[in-house]
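Chemist: Provided below: coords-v1.cif, containing mmCIF, C-alpha atoms.
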data_target
loop_
_atom_site.label_atom_id
_atom_site.label_comp_id
_atom_site.auth_asym_id
_atom_site.auth_seq_id
_atom_site.Cartn_x
_atom_site.Cartn_y
_atom_site.Cartn_z
CA MET A 79 -11.84 8.85 -14.88
CA PRO A 80 -13.87 5.99 -16.31
CA ASP A 81 -15.23 3.17 -14.21
CA SER A 82 -12.63 0.51 -13.46
CA GLN A 83 -13.20 -3.05 -14.58
CA PRO A 84 -11.27 -6.18 -13.60
CA GLN A 85 -7.56 -5.81 -14.35
CA PRO A 86 -4.46 -7.94 -13.80
CA SER A 87 -2.53 -7.47 -10.58
CA HIS A 88 -0.29 -4.38 -10.38
CA SER A 89 2.19 -6.07 -8.07
CA SER A 90 3.42 -9.52 -7.26
CA SER A 91 3.76 -8.49 -3.60
CA GLY A 92 0.04 -8.58 -2.86
CA PRO A 93 -1.58 -10.32 0.08
CA PRO A 94 -0.79 -13.97 0.42
CA SER A 95 -3.47 -16.57 0.09
CA GLY A 96 -4.36 -18.54 3.17
CA PRO A 97 -7.08 -19.20 5.71
CA ASP A 98 -7.58 -15.47 6.35
CA GLU A 99 -8.04 -14.53 2.69
CA ALA A 100 -11.25 -12.60 2.20
CA GLY A 101 -14.29 -13.64 0.22
CA ALA A 102 -15.98 -11.20 -2.14
CA LEU A 103 -17.10 -7.88 -0.64
CA LEU A 104 -19.20 -5.16 -2.26
CA LEU A 105 -18.77 -1.63 -0.92
CA CYS A 106 -21.90 0.27 -1.94
CA GLY A 107 -22.48 3.97 -2.46
CA ALA A 108 -19.04 5.23 -1.44
CA ARG A 109 -17.88 8.70 -2.42
CA LEU A 110 -14.42 9.14 -3.92
CA THR A 111 -12.23 12.23 -3.62
CA ASP A 112 -13.10 13.20 -7.21
CA GLY A 113 -16.79 13.44 -6.20
CA ARG A 114 -18.04 10.25 -7.87
CA VAL A 115 -20.35 7.92 -5.91
CA VAL A 116 -19.44 4.33 -6.71
CA ASP A 117 -19.73 0.68 -5.83
CA VAL A 118 -16.44 -1.16 -5.28
CA ARG A 119 -16.17 -4.95 -5.49
CA LEU A 120 -13.32 -6.68 -3.65
CA ALA A 121 -12.15 -10.27 -4.08
CA GLY A 122 -8.94 -12.16 -3.36
CA GLY A 123 -7.53 -9.26 -1.38
CA ARG A 124 -7.76 -6.86 -4.32
CA ILE A 125 -10.15 -4.38 -5.88
CA GLU A 126 -11.93 -6.36 -8.57
CA ALA A 127 -14.13 -3.65 -10.09
CA VAL A 128 -15.30 -0.07 -9.56
CA GLY A 129 -18.55 1.13 -11.09
CA THR A 130 -21.20 3.78 -10.72
CA ALA A 131 -23.45 3.29 -7.69
CA GLY A 132 -25.86 0.41 -8.22
CA SER A 133 -24.05 -0.99 -11.25
CA LEU A 134 -22.24 -3.93 -9.65
CA GLY A 135 -25.12 -5.92 -8.22
CA ALA A 136 -28.46 -5.79 -6.45
CA GLY A 137 -30.03 -7.57 -3.51
CA THR A 138 -28.38 -8.66 -0.27
CA ALA A 139 -25.59 -10.53 -2.01
CA ALA A 140 -24.02 -9.63 -5.34
CA PRO A 141 -21.96 -12.05 -7.44
CA GLY A 142 -18.32 -11.23 -8.02
CA ALA A 143 -16.53 -11.81 -11.30
CA SER A 144 -15.13 -14.99 -9.79
CA GLY A 145 -18.67 -16.28 -9.28
CA ALA A 146 -18.64 -16.00 -5.47
CA SER A 147 -21.42 -14.04 -3.81
CA ALA A 148 -20.29 -10.71 -2.38
CA THR A 149 -21.22 -9.47 1.07
CA ARG A 150 -22.59 -5.93 0.87
CA VAL A 151 -21.38 -3.04 3.03
CA ASP A 152 -23.31 0.22 2.80
CA LEU A 153 -20.87 3.14 2.60
CA GLY A 154 -23.46 5.83 1.91
CA GLY A 155 -22.22 9.08 3.42
CA HIS A 156 -18.61 7.84 3.58
CA LEU A 157 -15.51 9.00 1.74
CA LEU A 158 -13.46 6.01 0.52
CA LEU A 159 -9.68 6.39 0.62
CA PRO A 160 -6.55 4.28 0.28
CA ALA A 161 -5.78 3.08 3.80
CA PRO A 162 -3.07 4.82 5.81
CA ALA A 163 0.12 3.10 6.93
CA GLU A 164 2.13 3.83 10.08
CA PRO A 165 5.84 4.30 9.24
CA HIS A 166 7.15 5.15 12.71
CA ALA A 167 5.75 3.45 15.82
CA HIS A 168 7.37 2.12 19.00
CA GLY A 169 5.50 -1.02 20.00
CA ASP A 170 7.87 -2.04 22.79
CA THR A 171 7.35 1.18 24.77
CA ALA A 172 3.74 1.93 23.75
CA LEU A 173 1.09 2.33 26.46
CA SER A 174 3.70 2.48 29.22
CA ALA A 175 3.23 6.07 30.43
CA ASP A 176 1.50 4.98 33.65
CA PHE A 177 4.38 2.80 34.82
CA GLU A 178 6.60 4.21 37.54
CA GLY A 179 10.29 3.93 36.77
CA PRO A 180 11.81 2.26 33.69
CA VAL A 181 9.57 0.65 31.08
CA PRO A 182 9.12 -3.04 31.96
CA TYR A 183 10.42 -5.42 29.31
CA ASP A 184 8.71 -8.57 30.53
CA GLY A 185 7.91 -10.53 27.37
CA ARG A 186 4.21 -10.98 28.05
CA ASP A 187 3.75 -7.34 28.93
CA VAL A 188 5.57 -6.14 25.80
CA GLN A 189 3.52 -8.48 23.62
CA ARG A 190 0.28 -7.29 25.20
CA ARG A 191 1.13 -3.61 24.80
CA ALA A 192 2.47 -4.03 21.26
CA THR A 193 -0.68 -5.91 20.26
CA GLU A 194 -2.99 -3.33 21.82
CA ALA A 195 -1.05 -0.47 20.23
CA ALA A 196 -1.25 -2.04 16.77
CA LEU A 197 -4.98 -2.59 17.17
CA LEU A 198 -5.48 1.03 18.26
CA GLN A 199 -3.67 2.18 15.14
CA LEU A 200 -5.65 -0.26 13.01
CA GLY A 201 -8.87 1.20 14.41
CA HIS A 202 -7.67 4.60 13.22
CA GLY A 203 -7.14 3.15 9.72
CA ALA A 204 -3.50 2.02 9.54
CA THR A 205 -3.47 -1.45 7.98
CA ALA A 206 0.35 -1.62 8.07
CA VAL A 207 2.58 -0.59 11.00
CA ARG A 208 6.38 -0.36 11.22
CA SER A 209 7.46 -0.71 14.85
CA HIS A 210 10.94 0.27 16.07
CA VAL A 211 12.13 -2.11 18.79
CA HIS A 212 15.16 -1.78 21.06
CA VAL A 213 17.59 -4.72 20.99
CA GLY A 214 20.64 -5.31 23.16
CA ASP A 215 21.41 -3.87 26.59
CA VAL A 216 19.32 -5.33 29.41
CA GLN A 217 16.40 -6.46 27.24
CA GLY A 218 18.58 -8.39 24.78
CA LEU A 219 16.26 -9.81 22.13
CA GLY A 220 13.30 -10.25 24.50
CA ALA A 221 11.36 -7.19 23.34
CA LEU A 222 11.86 -8.12 19.70
CA THR A 223 10.68 -11.66 20.40
CA ALA A 224 7.53 -10.29 22.03
CA VAL A 225 6.75 -7.90 19.17
CA LEU A 226 7.29 -10.68 16.62
CA GLN A 227 4.82 -12.80 18.61
CA ALA A 228 2.35 -9.90 18.43
CA ARG A 229 2.94 -9.77 14.69
CA ARG A 230 2.00 -13.43 14.30
CA ALA A 231 -1.09 -13.00 16.49
CA LEU A 232 -2.25 -10.03 14.37
CA ARG A 233 -1.86 -11.75 11.01
CA GLY A 234 -4.88 -11.03 8.85
CA LEU A 235 -5.81 -7.93 10.85
CA VAL A 236 -2.81 -5.63 10.39
CA GLU A 237 0.63 -6.04 8.83
CA LEU A 238 3.18 -5.41 11.61
CA THR A 239 6.88 -5.19 10.71
CA THR A 240 9.81 -4.52 13.02
CA VAL A 241 12.95 -2.36 12.99
CA ALA A 242 15.81 -3.64 15.16
CA MET A 243 17.38 -0.75 17.10
CA PRO A 244 20.72 -1.41 18.84
CA ARG A 245 22.11 1.33 21.06
CA VAL A 246 25.87 1.23 20.32
CA LEU A 247 27.61 -0.28 17.27
CA THR A 248 31.14 1.13 17.43
CA GLY A 249 34.20 0.55 19.58
CA VAL A 250 34.62 -2.27 22.06
CA ALA A 251 31.05 -1.89 23.33
CA GLY A 252 29.72 -2.03 19.78
CA ALA A 253 30.84 -5.60 19.14
CA ASP A 254 27.93 -6.98 21.13
CA GLY A 255 25.56 -4.60 19.35
CA LEU A 256 26.70 -5.80 15.94
CA ALA A 257 26.24 -9.43 16.93
CA ILE A 258 22.79 -8.86 18.36
CA LEU A 259 21.73 -6.84 15.32
CA ARG A 260 22.62 -9.76 13.06
CA ASP A 261 20.74 -12.11 15.39
CA ALA A 262 17.72 -9.78 15.27
CA VAL A 263 17.59 -9.93 11.47
CA LYS A 264 17.89 -13.73 11.53
CA MET A 265 15.00 -13.84 14.05
CA GLY A 266 12.66 -11.88 11.79
CA ALA A 267 13.35 -8.16 12.10
CA SER A 268 12.80 -6.98 8.54
CA VAL A 269 14.46 -3.54 8.88
CA VAL A 270 17.72 -2.42 10.54
CA GLY A 271 17.95 0.93 12.27
CA GLY A 272 18.76 2.73 15.47
CA CYS A 273 19.94 6.18 16.51
CA PRO A 274 23.44 7.11 15.34
CA ASP A 275 23.24 10.41 17.25
CA LEU A 276 23.57 8.44 20.52
CA ASP A 277 26.69 6.50 19.47
CA PRO A 278 30.15 7.94 20.27
CA ASP A 279 30.92 7.58 16.55
CA PRO A 280 27.73 8.44 14.58
CA THR A 281 29.38 7.93 11.20
CA GLY A 282 30.74 4.55 12.24
CA TYR A 283 27.29 3.58 13.48
CA VAL A 284 25.72 4.39 10.12
CA GLU A 285 28.46 2.49 8.28
CA ALA A 286 27.80 -0.58 10.44
CA VAL A 287 24.04 -0.42 9.83
CA MET A 288 24.52 0.02 6.08
CA GLU A 289 26.90 -2.94 5.96
CA ILE A 290 24.44 -5.25 7.70
CA ALA A 291 21.58 -3.94 5.56
CA SER A 292 23.55 -4.72 2.41
CA GLU A 293 24.53 -8.14 3.76
CA TYR A 294 20.92 -9.18 4.42
CA GLY A 295 19.11 -7.08 1.80
CA CYS A 296 17.17 -5.11 4.42
CA PRO A 297 15.80 -1.58 4.35
CA VAL A 298 17.30 0.96 6.77
CA ASP A 299 15.32 3.22 9.11
CA LEU A 300 17.38 5.53 11.31
CA HIS A 301 16.47 8.05 14.00
CA THR A 302 18.17 11.42 13.70
CA ASP A 303 17.30 14.98 14.59
CA GLY A 304 19.07 16.22 11.48
CA ASP A 305 20.41 19.38 13.11
CA ASP A 306 24.05 18.78 12.10
CA PRO A 307 24.42 19.50 8.36
CA ALA A 308 27.86 17.88 8.04
CA ARG A 309 26.74 14.69 9.79
CA LEU A 310 23.55 14.56 7.73
CA ALA A 311 25.55 15.05 4.51
CA ARG A 312 27.76 12.06 5.39
CA LEU A 313 24.72 9.97 6.22
CA THR A 314 22.92 10.75 2.96
CA ALA A 315 26.11 10.09 0.97
CA MET A 316 26.28 6.59 2.49
CA ALA A 317 22.57 6.05 1.93
CA GLY A 318 22.55 6.94 -1.75
CA GLY A 319 21.65 4.01 -3.94
CA LEU A 320 21.10 1.53 -1.11
CA ARG A 321 18.30 -0.85 -1.93
CA PRO A 322 15.61 -1.47 -0.83
CA GLY A 323 15.80 2.01 0.66
CA VAL A 324 16.60 4.32 3.57
CA THR A 325 14.24 6.25 5.83
CA LEU A 326 15.31 8.95 8.28
CA GLY A 327 13.19 10.51 10.99
CA PRO A 328 12.00 12.60 12.63
CA CYS A 329 14.53 15.20 11.31
CA GLY A 330 12.94 18.02 13.30
CA GLY A 331 16.33 19.72 13.50
CA LEU A 332 16.15 20.54 9.80
CA ALA A 333 13.53 23.16 10.66
CA ARG A 334 16.03 24.87 12.99
CA LEU A 335 18.79 25.21 10.39
CA ALA A 336 19.42 28.40 8.46
CA SER A 337 17.39 28.43 5.26
CA GLN A 338 20.38 27.91 2.96
CA ALA A 339 21.68 24.96 4.99
CA ALA A 340 18.21 23.41 5.17
CA SER A 341 17.74 23.74 1.41
CA ARG A 342 21.12 22.15 0.76
CA ALA A 343 20.26 19.25 3.09
CA ALA A 344 16.90 18.78 1.35
CA ASP A 345 18.61 18.60 -2.04
CA GLN A 346 21.06 16.01 -0.70
CA LEU A 347 18.24 13.88 0.72
CA ALA A 348 16.37 14.04 -2.58
CA ALA A 349 19.47 13.10 -4.60
CA ALA A 350 20.10 10.10 -2.32
CA GLY A 351 16.49 8.91 -2.58
CA VAL A 352 16.05 9.04 1.21
CA THR A 353 12.54 9.16 2.70
CA VAL A 354 11.93 11.45 5.68
CA ALA A 355 9.38 10.24 8.26
CA CYS A 356 8.28 13.29 10.23
CA LEU A 357 6.34 13.15 13.52
CA PRO A 358 3.82 16.03 13.64
CA GLN A 359 1.97 14.54 16.64
CA GLY A 360 5.05 14.69 18.88
CA GLY A 361 8.42 13.06 19.25
CA CYS A 362 9.67 9.72 20.47
CA GLY A 363 12.03 8.84 23.28
CA THR A 364 14.98 8.03 21.02
CA VAL A 365 15.37 11.64 19.83
CA GLU A 366 15.30 14.14 22.68
CA ARG A 367 14.44 17.36 20.82
CA ARG A 368 10.99 17.78 19.32
CA GLY A 369 9.83 19.63 16.26
CA THR A 370 8.47 18.74 12.85
CA ALA A 371 10.66 18.54 9.78
CA PRO A 372 10.14 21.33 7.20
CA VAL A 373 7.74 19.31 5.09
CA ARG A 374 7.07 21.93 2.41
CA LEU A 375 10.77 22.55 1.85
CA LEU A 376 11.48 18.83 1.64
CA ARG A 377 8.61 18.11 -0.74
CA ALA A 378 9.60 21.04 -2.95
CA ALA A 379 13.10 19.55 -3.22
CA GLY A 380 11.64 16.21 -4.29
CA VAL A 381 12.04 14.33 -1.00
CA ARG A 382 9.41 11.71 -0.22
CA VAL A 383 7.88 12.78 3.11
CA ALA A 384 5.89 10.31 5.19
CA ALA A 385 4.24 11.12 8.50
CA GLY A 386 4.22 8.82 11.52
CA SER A 387 2.84 8.95 15.02
CA GLY A 388 5.97 8.32 17.10
CA ALA A 389 5.26 7.73 20.76
CA LEU A 390 1.90 6.19 21.68
CA ARG A 391 1.20 7.03 25.32
CA ASP A 392 4.68 6.41 26.64
CA VAL A 393 6.81 8.67 28.82
CA SER A 394 7.92 10.83 25.88
CA ASN A 395 4.31 11.53 24.84
CA PRO A 396 1.77 10.37 27.46
CA VAL A 397 -1.16 11.51 25.26
CA GLY A 398 0.04 10.15 21.91
CA ARG A 399 -2.90 8.93 19.82
CA GLY A 400 -1.23 7.01 17.02
CA ASP A 401 -3.80 8.43 14.60
CA PRO A 402 -2.60 8.97 11.01
CA LEU A 403 -5.51 11.28 10.24
CA GLU A 404 -4.44 13.52 13.12
CA ALA A 405 -0.93 13.61 11.66
CA ALA A 406 -2.39 14.65 8.30
CA TYR A 407 -4.64 17.22 10.01
CA LEU A 408 -1.63 18.81 11.73
CA LEU A 409 0.36 18.97 8.50
CA ALA A 410 -2.59 20.69 6.80
CA SER A 411 -3.52 23.03 9.64
CA ARG A 412 -0.06 24.01 10.92
CA TYR A 413 2.44 23.34 8.15
CA GLY A 414 0.65 24.52 5.03
CA LEU A 415 0.03 21.32 3.09
CA ARG A 416 -3.15 20.96 1.09
CA PRO A 417 -5.44 18.23 2.46
CA GLU A 418 -4.57 15.92 -0.45
CA GLU A 419 -0.83 16.41 0.14
CA ALA A 420 -1.22 15.90 3.88
CA TYR A 421 -3.18 12.69 3.43
CA ASP A 422 -0.57 11.35 1.00
CA THR A 423 2.08 11.58 3.75
CA VAL A 424 0.17 9.03 5.84
CA SER A 425 -1.04 6.91 2.93
CA GLY A 426 0.79 6.78 -0.40
CA ALA A 427 4.14 8.06 0.87
CA ALA A 428 3.93 6.01 4.07
CA ARG A 429 3.17 2.82 2.13
CA ALA A 430 6.07 3.50 -0.24
CA ALA A 431 8.39 4.05 2.75
CA LEU A 432 7.36 0.60 4.02
CA GLY A 433 7.97 -0.99 0.63
CA LEU A 434 4.28 -1.71 0.12
CA PRO A 435 2.51 -1.59 -3.26
CA GLU A 436 0.57 1.51 -4.25
CA VAL A 437 -3.15 1.65 -3.48
CA ARG A 438 -5.74 3.42 -5.60
CA VAL A 439 -9.49 2.95 -5.61
CA GLU A 440 -9.22 1.30 -9.00
CA ALA A 441 -9.47 -2.28 -10.23
CA GLY A 442 -6.37 -4.39 -9.74
CA PHE A 443 -4.98 -2.54 -6.74
CA PRO A 444 -4.69 -4.00 -3.21
CA ALA A 445 -7.90 -3.79 -1.17
CA GLU A 446 -6.37 -1.69 1.63
CA LEU A 447 -9.03 0.94 2.22
CA LEU A 448 -10.41 3.37 4.77
CA ALA A 449 -13.97 4.70 4.69
CA VAL A 450 -14.59 7.80 6.80
CA ARG A 451 -17.96 9.46 7.27
CA GLY A 452 -17.83 12.70 5.33
CA ALA A 453 -18.05 14.15 1.84
CA ARG A 454 -14.66 15.83 1.27
CA LEU A 455 -11.13 15.17 2.42
CA ALA A 456 -10.83 18.48 4.29
CA GLY A 457 -13.93 17.65 6.33
CA VAL A 458 -12.67 14.13 7.00
CA LEU A 459 -9.37 15.45 8.36
CA SER A 460 -11.31 17.88 10.55
CA LEU A 461 -13.89 15.46 12.04
CA ALA A 462 -12.87 11.87 11.40
CA TYR A 463 -15.09 10.17 13.96
CA SER A 464 -16.67 7.20 12.15
CA ARG A 465 -14.34 4.87 10.25
CA ILE A 466 -14.46 1.48 8.52
CA VAL A 467 -11.13 -0.20 7.81
CA VAL A 468 -10.54 -2.80 5.08
CA HIS A 469 -7.42 -4.98 5.06
CA ARG A 470 -6.79 -7.71 2.48
CA GLY A 471 -10.29 -7.21 1.14
CA ARG A 472 -12.26 -7.63 4.36
CA VAL A 473 -13.57 -5.30 7.04
CA VAL A 474 -11.24 -5.58 10.04
CA ALA A 475 -12.26 -2.59 12.20
CA ARG A 476 -15.21 -0.26 12.69
CA THR A 477 -15.52 2.92 14.74
CA SER A 478 -18.93 4.56 14.92
CA ALA A 479 -19.82 7.88 16.52
CA VAL A 480 -22.98 9.98 16.43
CA ARG A 481 -23.30 13.46 17.91
CA GLU A 482 -26.80 14.59 18.92
CA TYR A 483 -28.00 17.90 20.33
CA CYS A 484 -30.65 17.27 22.95
CA GLY A 485 -32.89 19.12 25.35
CA SER A 486 -33.17 22.37 23.46
CA ALA A 487 -36.28 23.82 21.87
CA THR A 488 -34.03 26.01 19.76
CA GLY A 489 -32.22 22.93 18.45
CA ALA A 490 -35.49 21.33 17.39
CA ALA A 491 -36.61 24.55 15.74
CA VAL A 492 -33.56 24.85 13.51
CA ASP A 493 -33.51 21.10 12.76
CA LEU A 494 -29.90 20.53 13.85
CA PRO A 495 -28.27 17.53 12.19
CA ARG A 496 -26.65 14.53 13.75
CA GLN A 497 -22.90 14.62 13.38
CA GLY A 498 -21.87 13.58 9.93
CA ARG A 499 -25.18 12.05 8.86
CA GLY A 500 -26.88 15.02 7.31
CA GLU A 501 -30.12 13.91 8.96
CA PRO A 502 -32.28 15.74 11.50
CA SER A 503 -31.95 14.74 15.14
#
Let me see the structure of the file written as structure tokens.
Modeler:
Amino acid sequence: MPDSQPQPSHSSSGPPSGPDEAGALLLCGARLTDGRVVDVRLAGGRIEAVGTAGSLGAGTAAPGASGASATRVDLGGHLLLPAPAEPHAHGDTALSADFEGPVPYDGRDVQRRATEAALLQLGHGATAVRSHVHVGDVQGLGALTAVLQARRALRGLVELTTVAMPRVLTGVAGADGLAILRDAVKMGASVVGGCPDLDPDPTGYVEAVMEIASEYGCPVDLHTDGDDPARLARLTAMAGGLRPGVTLGPCGGLARLASQAASRAADQLAAAGVTVACLPQGGCGTVERRGTAPVRLLRAAGVRVAAGSGALRDVSNPVGRGDPLEAAYLLASRYGLRPEEAYDTVSGAARAALGLPEVRVEAGFPAELLAVRGARLAGVLSLAYSRIVVHRGRVVARTSAVREYCGSATGAAVDLPRQGRGEPS
């Protein structure tokens, strides 16, 4: 592929201008997945140019095409990738595993935990996070209010969007749920969802969600185990053609179906254009049974498969990491995806599930990038210790780790390297 030069924008939905818009940034000496070592110039929240290493400027500051000087960031020894996105988080329950009894829904506490959780995921590389938030019942709209406050506080660091999740939407009890779901959308929830499996009338629940989604033009993101083929067939039939799209997850029950039934369900999901968000790192509290969806079967049928983290250190997964690279690692190591396919589930497919524009390390694309110390994608998924995260064209997070072997004459004799640096200790 030839070097990329300045191009017009590929999408009108790029980062907004404002006080947090980045100046010019020059990423120097980064390795791409095709083996090239390049410089990448960023400006205005987008990739402005990509050229062979050393071709885009010299000295401590290099001019961008816009005339502004570019701050240099040395990415020697790093693999540069499109940034991951997190399609399935739970900000209102995150980091609550140490609490005794029910999760507290005090507004300040929810905002603090949701903010910390989003920053943890940003540090791992996710520059966009979709957080499912319970509405109704005892907490009313308080948890959603708190997560929306976290979203505003995090502007410019990470893009946090919310899914409103009512518990019941049918029957007499469902009237309140329908009203509060509409209120949640008016408040700022950008996606409607929930768990139809927990409603006395799952089909009625899905119909109610689809109706509100159509009314407000919202995407739909529903929790389901997917272990009932007839119920899943009805759901996908209702989802077909809905814009701007439907996501289902974690769908671990699909892996427990007989092969013929699972294949038929995969074909139905593909025909309806439904995205499946699997959770290879563990489940979440809304769906009781764990297990990872049959990702190879789904992909072979043409289903878009994204991978999320699910629970982040709450009662349903007290050790959840919220790390998209771990999700990709598990899909590669346990479920047979090639490293490139596995990484796409947490990057390209995850961004598409969130309605975000595509990212490539080419001119004109959004400057949403992750640099990880390493030379090849397989090695990065294996040992992704040091990371640099770029959001809207500026560095927003850094994680640095060095492993040294000390106190051994044998180690000195064989000239053992530092972790990831390729240099002697």
Chemist: Please return the centre and edge lengths, in Å to one decimal, of a box with edges along x, y and z that contains all listed atoms of range 114-122 of chain A, widened by 5 Å on every side, as lines of an AutoDock Vina configuration file.
Modeler:
center_x = -14.6
center_y = -1.0
center_z = -5.6
size_x = 21.4
size_y = 32.4
size_z = 14.5
Chemist: Starting from the displayed file, determine the output of the PyMOL selection byres ((chain A and resi 297-304) around 6) and express the residue list as a PyMOL selection string.
Modeler: chain A and resi 269-273+296+305-306+322-327+329-332
Chemist: List as an mmCIF file with C-alpha atoms, in the frame of the given file the residues having at least one atom at most 10 Å from position (3.6, -1.4, 1.6) as given in the file, counting only C-alpha atoms.
Modeler:
data_model
loop_
_atom_site.group_PDB
_atom_site.id
_atom_site.type_symbol
_atom_site.label_atom_id
_atom_site.label_comp_id
_atom_site.auth_asym_id
_atom_site.auth_seq_id
_atom_site.Cartn_x
_atom_site.Cartn_y
_atom_site.Cartn_z
ATOM 1 C CA SER A 91 3.760 -8.490 -3.600
ATOM 2 C CA GLY A 92 0.040 -8.580 -2.860
ATOM 3 C CA ALA A 163 0.120 3.100 6.930
ATOM 4 C CA PRO A 165 5.840 4.300 9.240
ATOM 5 C CA THR A 205 -3.470 -1.450 7.980
ATOM 6 C CA ALA A 206 0.350 -1.620 8.070
ATOM 7 C CA VAL A 207 2.580 -0.590 11.000
ATOM 8 C CA GLU A 237 0.630 -6.040 8.830
ATOM 9 C CA SER A 425 -1.040 6.910 2.930
ATOM 10 C CA GLY A 426 0.790 6.780 -0.400
ATOM 11 C CA ALA A 427 4.140 8.060 0.870
ATOM 12 C CA ALA A 428 3.930 6.010 4.070
ATOM 13 C CA ARG A 429 3.170 2.820 2.130
ATOM 14 C CA ALA A 430 6.070 3.500 -0.240
ATOM 15 C CA ALA A 431 8.390 4.050 2.750
ATOM 16 C CA LEU A 432 7.360 0.600 4.020
ATOM 17 C CA GLY A 433 7.970 -0.990 0.630
ATOM 18 C CA LEU A 434 4.280 -1.710 0.120
ATOM 19 C CA PRO A 435 2.510 -1.590 -3.260
ATOM 20 C CA GLU A 436 0.570 1.510 -4.250
ATOM 21 C CA VAL A 437 -3.150 1.650 -3.480
ATOM 22 C CA PRO A 444 -4.690 -4.000 -3.210
ATOM 23 C CA GLU A 446 -6.370 -1.690 1.630
#
Chemist: Hey, what's within 9 Å of Ile258 in chain A if we count only C-alpha atoms and toss same-chain stuff fewer than 2 positions away? As a list of chain:residue names, please?
Modeler: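 So, after excluding close chain neighbours, the residues are A:Val213, A:Gly214, A:Gly218, A:Leu219, A:Pro244, A:Ala253, A:Asp254, A:Gly255, A:Leu256, A:Arg260, A:Asp261, A:Ala262, A:Val263.
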Chemist: Starting from the displayed file, determine the output of the PyMOL selection byres ((chain A and resi 132) around 8) and express the residue list as a list in words.
Modeler: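 Output of the PyMOL selection byres ((chain A and resi 132) around 8): Cys106, Gly107, Val116, Asp117, Gly129, Thr130, Ala131, Ser133, Leu134, Gly135 and Ala136 of chain A.
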Chemist: Choose the residue, out of A:Leu197, A:Val188, A:Leu335, A:Ala242, that has the smallest atom-to-atom separation from His212 in chain A; count all atoms listed in the file.
Modeler: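 Checking each candidate against His212 in chain A, we get A:Ala242 as the closest.
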Chemist: Grab the CA of Ala371 in chain A to CA of Arg465 in chain A distance for me, in Å with one decimal place.
Modeler: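 CA of Arg465 in chain A lies 28.5 Å from CA of Ala371 in chain A.
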Chemist: Name the residues that the PyMOL selection byres ((chain A and resi 358-361) around 9) picks from the file above, as a PyMOL selection string, using the file's chain letters and numbers.
Modeler: chain A and resi 328+330+356-357+362-371+385-389+394-395+398-401+404-406+408-409
Chemist: For a cut-off of 9 Å around (4.3, 2.4, 28.1), file coordinates, pick out all residues using only C-alpha atoms and list them as an MDAnalysis selection string.
Modeler: chainID A and resid 169:177 181:182 188 191 390:393 396
Chemist: If you count all atoms listed in the file, which residues fall within 9 Å of Gly101 in chain A, apart from same-chain ones fewer than 2 positions away, as a count of residues only?
Modeler: 12
Chemist: So, counting only C-alpha atoms, which residue among A:Leu259, A:Ala251, A:Val450, A:Ala108 is closest to Arg150 in chain A?
Modeler: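 Answer, going by the shortest atom-to-atom distance: A:Ala108.
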Chemist: Pick from A:Thr423, A:Gln227, A:Ser268, A:Thr239: nearest to Ala355 in chain A, with all atoms listed in the file counted?
Modeler: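 Answer, going by the shortest atom-to-atom distance: A:Thr423.
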Chemist: Nearest to Arg412 in chain A: which of A:Val373, A:Val216, A:Ala336, A:Cys484 is it, counting only C-alpha atoms?
Modeler: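 Looking at the shortest contact to Arg412 in chain A, the residue is A:Val373.
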Chemist: So what do you get for CA of Val424 in chain A versus CA of Leu403 in chain A, distance-wise?
Modeler: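 Answer for the CA of Val424 in chain A to CA of Leu403 in chain A separation: 7.5 Å.
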Chemist: Return the single residue from A:Val241, A:Met288, A:Leu459, A:Val467 that is closest to Leu447 in chain A, with distances computed using all atoms listed in the file.
Modeler: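 So, comparing all the options, the nearest one is A:Val467.
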